[in-house]
Amino acid sequence: TRFRSEDRVERVILDQAEMEFLYQEGDSFHFMNTETYDQVTIPGELVGDAAPFLAPNLKVEVEFHENNPISVTLPKTVNLKVVKTEPGLKSASATNTLKPATTETGLVVQVPHFITEGEVITINTETREYLARAK
C-alpha cells in the first residue's frame, strides 16, 4: 500500500501486560493480570498455538488493543509434567533414543528414554522440543 503525504493514518497503540494463566473452560482461556489482579477471558482462536503450553500459573505476555486482548506470547521455555510415557528400555544406551511423552496439557513431545511419568520437563515453546529435566 502506498500513502500520499496528505493521507491520514491512524496510529494504533498496543498495551502489553503480564498475565498468569488460571484455567481453561471449553474454548475459553482465563488469565489474571499479575499487577492489577483483573481477570480476562481470551477465546481459543486468539490463544492459538500457545494452548498446548498453558499450564496453571504460567506467566505470559498478552497484548491488548483498546482493552481487547489480541495475542498471547509464551516464554521461550515452559516446564510441564509428564503424565504418560512408556518405561525406558533397559537396552537403550544413553544415545539419542527418544520416545513420546504426553504432558499435563496434552502436548506430546519426544523425550530421552530415561524420562519417567511424574517428572517435570523443560520444553522450548518455539521448536516444541524437550530441552532438559526441570530443576
# chains A, B, ... in the order shown; residues from 1 in each chain; ligands from 1
$ residues_around --residues "Phe31 in chain A" --least-positions-apart "3" --cutoff "7 Å" --atoms "only C-alpha atoms" --output "PyMOL selection string"
chain A and resi 19-22+39-41
$ write_last_selection --atoms "N, CA, C and O atoms" --output "mmCIF file, in the first residue's frame"
data_model
loop_
_atom_site.group_PDB
_atom_site.id
_atom_site.type_symbol
_atom_site.label_atom_id
_atom_site.label_comp_id
_atom_site.auth_asym_id
_atom_site.auth_seq_id
_atom_site.Cartn_x
_atom_site.Cartn_y
_atom_site.Cartn_z
ATOM 1 N N MET A 19 0.359 -11.649 32.271
ATOM 2 C CA MET A 19 -0.844 -12.324 32.739
ATOM 3 C C MET A 19 -0.471 -13.735 33.185
ATOM 4 O O MET A 19 0.435 -14.354 32.630
ATOM 5 N N GLU A 20 -1.195 -14.209 34.189
ATOM 6 C CA GLU A 20 -0.996 -15.577 34.673
ATOM 7 C C GLU A 20 -2.168 -16.421 34.203
ATOM 8 O O GLU A 20 -3.323 -16.044 34.381
ATOM 9 N N PHE A 21 -1.853 -17.555 33.574
ATOM 10 C CA PHE A 21 -2.911 -18.452 33.117
ATOM 11 C C PHE A 21 -3.560 -19.116 34.323
ATOM 12 O O PHE A 21 -2.874 -19.655 35.192
ATOM 13 N N LEU A 22 -4.888 -19.073 34.391
ATOM 14 C CA LEU A 22 -5.620 -19.666 35.508
ATOM 15 C C LEU A 22 -6.206 -21.032 35.140
ATOM 16 O O LEU A 22 -5.903 -22.033 35.765
ATOM 17 N N GLN A 39 -9.157 -10.103 35.933
ATOM 18 C CA GLN A 39 -9.210 -11.331 35.152
ATOM 19 C C GLN A 39 -9.779 -11.046 33.776
ATOM 20 O O GLN A 39 -10.635 -10.178 33.609
ATOM 21 N N VAL A 40 -9.271 -11.776 32.787
ATOM 22 C CA VAL A 40 -9.728 -11.617 31.414
ATOM 23 C C VAL A 40 -9.894 -13.005 30.802
ATOM 24 O O VAL A 40 -9.146 -13.928 31.125
ATOM 25 N N THR A 41 -10.912 -13.133 29.956
ATOM 26 C CA THR A 41 -11.151 -14.379 29.243
ATOM 27 C C THR A 41 -10.751 -14.168 27.789
ATOM 28 O O THR A 41 -11.162 -13.187 27.169
#
$ select_by_dssp --residues "chain A" --states "alpha helix (DSSP H)" --output "list in words"
Gly44, Glu45, Leu46 and Val47 of chain A
$ closest_atom_pairs --of "range 79-135 of chain A" --to "range 49-56 of chain A" --cutoff "7 Å" --atoms "only C-alpha atoms" --output "Markdown table"
| residue | atom | partner | partner_atom | distance |
| --- | --- | --- | --- | --- |
| A:Thr105 | CA | A:Pro52 | CA | 5.6 |
| A:Gly106 | CA | A:Pro52 | CA | 6.5 |
| A:Leu107 | CA | A:Pro52 | CA | 5.3 |
$ closest_residue --among "A:Gly26, A:Thr34, A:Gly88, A:Ile123" --to "Leu74 in chain A" --atoms "only C-alpha atoms"
A:Ile123
